[in-house]
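Peer 1: Sharing model.pdb here; it has PDB, C-alpha atoms (C1' of nucleotides).
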ATOM      1  CA  MET A 719       0.000   0.000   0.000
ATOM      2  CA  LYS A 720       1.325   3.351  -0.877
ATOM      3  CA  LYS A 721      -0.658   5.369   1.530
ATOM      4  CA  ASP A 722      -2.726   3.166   3.772
ATOM      5  CA  ASP A 723      -5.430   5.721   3.417
ATOM      6  CA  PHE A 724      -6.915   6.889   6.620
ATOM      7  CA  PHE A 725     -10.244   6.866   4.875
ATOM      8  CA  GLN A 726     -10.006   3.214   3.977
ATOM      9  CA  ARG A 727      -9.409   2.310   7.568
ATOM     10  CA  VAL A 728     -12.435   4.299   8.583
ATOM     11  CA  TYR A 729     -14.602   2.532   6.043
ATOM     12  CA  HIS A 730     -13.232  -0.781   7.171
ATOM     13  CA  VAL A 731     -14.382  -0.156  10.703
ATOM     14  CA  VAL A 732     -17.721   1.414   9.838
ATOM     15  CA  LYS A 733     -18.629  -1.545   7.680
ATOM     16  CA  ARG A 734     -18.000  -3.782  10.655
ATOM     17  CA  ILE A 735     -20.545  -2.085  12.863
ATOM     18  CA  PRO A 736     -23.052  -4.839  13.676
ATOM     19  CA  TYR A 737     -26.771  -4.488  13.209
ATOM     20  CA  GLY A 738     -28.489  -2.528  15.904
ATOM     21  CA  ARG A 739     -25.311  -0.903  17.137
ATOM     22  CA  VAL A 740     -23.648   2.471  16.786
ATOM     23  CA  THR A 741     -20.199   3.844  17.351
ATOM     24  CA  THR A 742     -18.539   7.204  17.675
ATOM     25  CA  TYR A 743     -16.014   9.170  15.690
ATOM     26  CA  GLY A 744     -13.633   9.261  18.610
ATOM     27  CA  LEU A 745     -13.770   5.497  19.083
ATOM     28  CA  ILE A 746     -12.987   4.885  15.454
ATOM     29  CA  ALA A 747     -10.185   7.414  15.561
ATOM     30  CA  LYS A 748      -8.759   5.750  18.608
ATOM     31  CA  TYR A 749      -8.939   2.364  16.959
ATOM     32  CA  LEU A 750      -7.025   3.770  14.031
ATOM     33  CA  GLY A 751      -4.296   4.894  16.353
ATOM     34  CA  SER A 752      -5.031   8.600  16.381
ATOM     35  CA  SER A 753      -7.228   9.213  19.359
ATOM     36  CA  SER A 754      -7.684  12.836  18.393
ATOM     37  CA  SER A 755      -8.390  12.501  14.721
ATOM     38  CA  ALA A 756     -12.128  12.246  15.139
ATOM     39  CA  ARG A 757     -12.559  15.149  12.742
ATOM     40  CA  THR A 758     -10.859  13.220  10.024
ATOM     41  CA  VAL A 759     -13.194  10.315  10.643
ATOM     42  CA  GLY A 760     -16.142  12.588  10.049
ATOM     43  CA  TRP A 761     -14.416  13.875   6.948
ATOM     44  CA  ALA A 762     -14.011  10.330   5.717
ATOM     45  CA  LEU A 763     -17.694   9.663   6.244
ATOM     46  CA  ASN A 764     -18.459  12.785   4.282
ATOM     47  CA  ALA A 765     -16.542  11.324   1.379
ATOM     48  CA  SER A 766     -18.160   7.941   1.984
ATOM     49  CA  HIS A 767     -21.267   9.153   0.245
ATOM     50  CA  ASN A 768     -19.464   8.301  -2.923
ATOM     51  CA  ASP A 769     -18.863   4.805  -1.632
ATOM     52  CA  SER A 770     -21.749   2.401  -1.147
ATOM     53  CA  SER A 771     -22.415   0.132   1.778
ATOM     54  CA  ILE A 772     -21.069   2.555   4.324
ATOM     55  CA  PRO A 773     -23.600   2.681   7.184
ATOM     56  CA  ALA A 774     -22.672   6.189   8.174
ATOM     57  CA  HIS A 775     -25.960   6.504  10.014
ATOM     58  CA  ARG A 776     -24.514   4.230  12.680
ATOM     59  CA  VAL A 777     -21.790   6.702  13.469
ATOM     60  CA  VAL A 778     -22.589   9.440  15.942
ATOM     61  CA  ASN A 779     -20.581  11.782  18.083
ATOM     62  CA  ARG A 780     -19.509  10.899  21.593
ATOM     63  CA  LYS A 781     -22.727  12.213  23.080
ATOM     64  CA  GLY A 782     -24.806   9.974  20.875
ATOM     65  CA  LEU A 783     -26.037  12.951  18.923
ATOM     66  CA  LEU A 784     -26.855  12.504  15.257
ATOM     67  CA  THR A 785     -24.695  15.398  14.224
ATOM     68  CA  GLY A 786     -24.248  13.965  10.769
ATOM     69  CA  LYS A 787     -27.883  13.642   9.872
ATOM     70  CA  HIS A 788     -27.815  16.980   8.109
ATOM     71  CA  HIS A 789     -25.605  15.460   5.491
ATOM     72  CA  PHE A 790     -28.077  12.805   4.483
ATOM     73  CA  LYS A 791     -30.625  13.231   1.769
ATOM     74  CA  GLY A 792     -33.285  13.858   4.338
ATOM     75  CA  PHE A 793     -32.990  14.745   7.981
ATOM     76  CA  GLU A 794     -35.398  11.932   8.803
ATOM     77  CA  LEU A 795     -33.548   9.315   6.842
ATOM     78  CA  MET A 796     -30.765   8.748   9.312
ATOM     79  CA  ARG A 797     -33.186   8.519  12.188
ATOM     80  CA  GLN A 798     -35.431   6.084  10.349
ATOM     81  CA  LEU A 799     -32.564   3.840   9.420
ATOM     82  CA  LEU A 800     -31.466   3.641  13.020
ATOM     83  CA  GLU A 801     -34.964   3.030  14.329
ATOM     84  CA  SER A 802     -35.335   0.260  11.801
ATOM     85  CA  GLU A 803     -32.458  -1.442  13.546
ATOM     86  CA  GLY A 804     -33.977  -1.100  16.980
ATOM     87  CA  ILE A 805     -32.223   2.118  17.923
ATOM     88  CA  ILE A 806     -34.546   4.759  19.265
ATOM     89  CA  ILE A 807     -33.784   8.382  18.525
ATOM     90  CA  GLU A 808     -35.059  11.074  20.791
ATOM     91  CA  ASP A 809     -34.281  14.715  20.113
ATOM     92  CA  ASP A 810     -31.523  13.751  17.699
ATOM     93  CA  LYS A 811     -29.780  11.548  20.201
ATOM     94  CA  VAL A 812     -29.608   7.812  20.801
ATOM     95  CA  LEU A 813     -31.559   6.428  23.726
ATOM     96  CA  ASP A 814     -29.626   3.894  25.814
ATOM     97  CA  PHE A 815     -26.592   5.070  23.957
ATOM     98  CA  GLU A 816     -24.224   3.265  26.307
ATOM     99  CA  GLN A 817     -25.985   0.009  25.524
ATOM    100  CA  LYS A 818     -25.998   0.468  21.791
ATOM    101  CA  ILE A 819     -22.425   1.629  21.509
ATOM    102  CA  TRP A 820     -20.078  -0.742  19.772
ATOM    103  CA  THR A 821     -16.324  -0.622  20.003
ATOM    104  CA  PRO A 822     -14.118  -1.938  17.186
ATOM    105  CA  LYS A 823     -11.733  -4.663  18.137
TER
ATOM    106  C1'  DT B 285       2.877  26.790  -0.364
ATOM    107  C1'  DT B 286      -0.296  28.852   2.990
ATOM    108  C1'  DT B 287      -4.777  29.204   4.936
ATOM    109  C1'  DC B 288      -9.241  27.746   5.982
ATOM    110  C1'  DT B 289     -12.796  24.464   6.837
ATOM    111  C1'  DG B 290     -15.064  20.203   8.365
ATOM    112  C1'  DA B 291     -20.372  14.637  10.160
ATOM    113  C1'  DC B 292     -15.325  15.574  16.532
ATOM    114  C1'  DA B 293     -13.051  15.578  21.151
ATOM    115  C1'  DA B 294     -10.572  17.268  25.163
ATOM    116  C1'  DC B 295      -9.211  20.903  27.935
ATOM    117  C1'  DA B 296      -8.836  25.906  29.851
ATOM    118  C1'  DA B 297     -11.073  29.799  31.788
TER
ATOM    119  C1'  DA C1478     -22.709  25.039  32.323
ATOM    120  C1'  DT C1479     -20.963  27.624  28.170
ATOM    121  C1'  DT C1480     -17.468  29.476  25.133
ATOM    122  C1'  DG C1481     -12.972  29.488  23.032
ATOM    123  C1'  DT C1482      -8.818  27.148  21.613
ATOM    124  C1'  DT C1483      -6.038  23.325  20.074
ATOM    125  C1'  DG C1484      -5.062  18.754  17.949
ATOM    126  C1'  DC C1485      -5.683  15.680  14.272
ATOM    127  C1'  DC C1486      -5.981  14.505   8.897
ATOM    128  C1'  DA C1487      -7.448  15.476   4.225
ATOM    129  C1'  DG C1488      -9.111  18.465   0.550
ATOM    130  C1'  DA C1489     -10.255  22.962  -1.733
ATOM    131  C1'  DA C1490      -8.963  27.761  -3.132
TER
END
Translate this structure into structure tokens?

Peer 2:
Amino acid sequence: MKKDDFFQRVYHVVKRIPYGRVTTYGLIAKYLGSSSSARTVGWALNASHNDSSIPAHRVVNRKGLLTGKHHFKGFELMRQLLESEGIIIEDDKVLDFEQKIWTPK
DNA sequence: TTTCTGACAACAA
DNA sequence: ATTGTTGCCAGAA
């Protein structure tokens, strides 16, 4: 690999998020080795729109807030996708967030 | 090349 | 508790 793209690593992790679970930018960043590169993770997800099969709706910020929903086609889309997986969204945040959180290993 | 911005996070005041 | 600043990485102007 020439670059070992940071983005590719992000996608790799995001694709591994199991059904009915969510994760955070910080967690992914930490898994990648840069505990403070959460911003770049979000940036990667932004570019992931071009890539298919990236469940970006399962990635939220550390508070469980759906900060990225504004980047979806519709503001309701992200929420609906999550609720379809058993994740309840209340006021743009994940209920029982600590239970739904998934950490890459 | 420099500067700014961005789906974040941690810390200082 | 709220606001401002800094760190991190990549891309656009």

Peer 1: Only residues of chain B matter here; which ones have an atom within 7 Å of chain A, counting all atoms listed in the file? Give them as a VMD selection string.

Peer 2: chain B and resid 290 to 293

Peer 1: Provide as a list in words the residues of chain C at most 7 Å from chain A, counting only C-alpha atoms (C1' of nucleotides).

Peer 2: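 Residues passing the distance filter: DG1484, DC1485 and DC1486 of chain C.
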
Peer 1: Can you translate the PyMOL selection byres ((chain B and resi 289) around 10) into the concrete residues it hits in this file, as a PyMOL selection string?

Peer 2: (chain B and resi 287-288+290) or (chain C and resi 1488-1489)

Peer 1: Keeping only C-alpha atoms (C1' of nucleotides), take the residues you just selected and write them out as a PDB file, in the coordinates of the input.

Peer 2:
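In the end it all went to out-v4.pdb:
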ATOM      1  C1'  DT B 287      -4.777  29.204   4.936  1.00  0.00           C
ATOM      2  C1'  DC B 288      -9.241  27.746   5.982  1.00  0.00           C
ATOM      3  C1'  DG B 290     -15.064  20.203   8.365  1.00  0.00           C
TER       4       DG B 290
ATOM      5  C1'  DG C1488      -9.111  18.465   0.550  1.00  0.00           C
ATOM      6  C1'  DA C1489     -10.255  22.962  -1.733  1.00  0.00           C
TER       7       DA C1489
END

Peer 1: What is the distance between atom CA of A:Leu799 and atom CA of A:Gly738, in Å to one decimal?

Peer 2: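 Rounded to one decimal, the two atoms are 10.0 Å apart.
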
Peer 1: Which residues fall under the PyMOL selection byres ((chain A and resi 735) around 10) in this file, as a ChimeraX atom specification?

Peer 2: /A:730-734,736-741,772-774,776-777,819-822
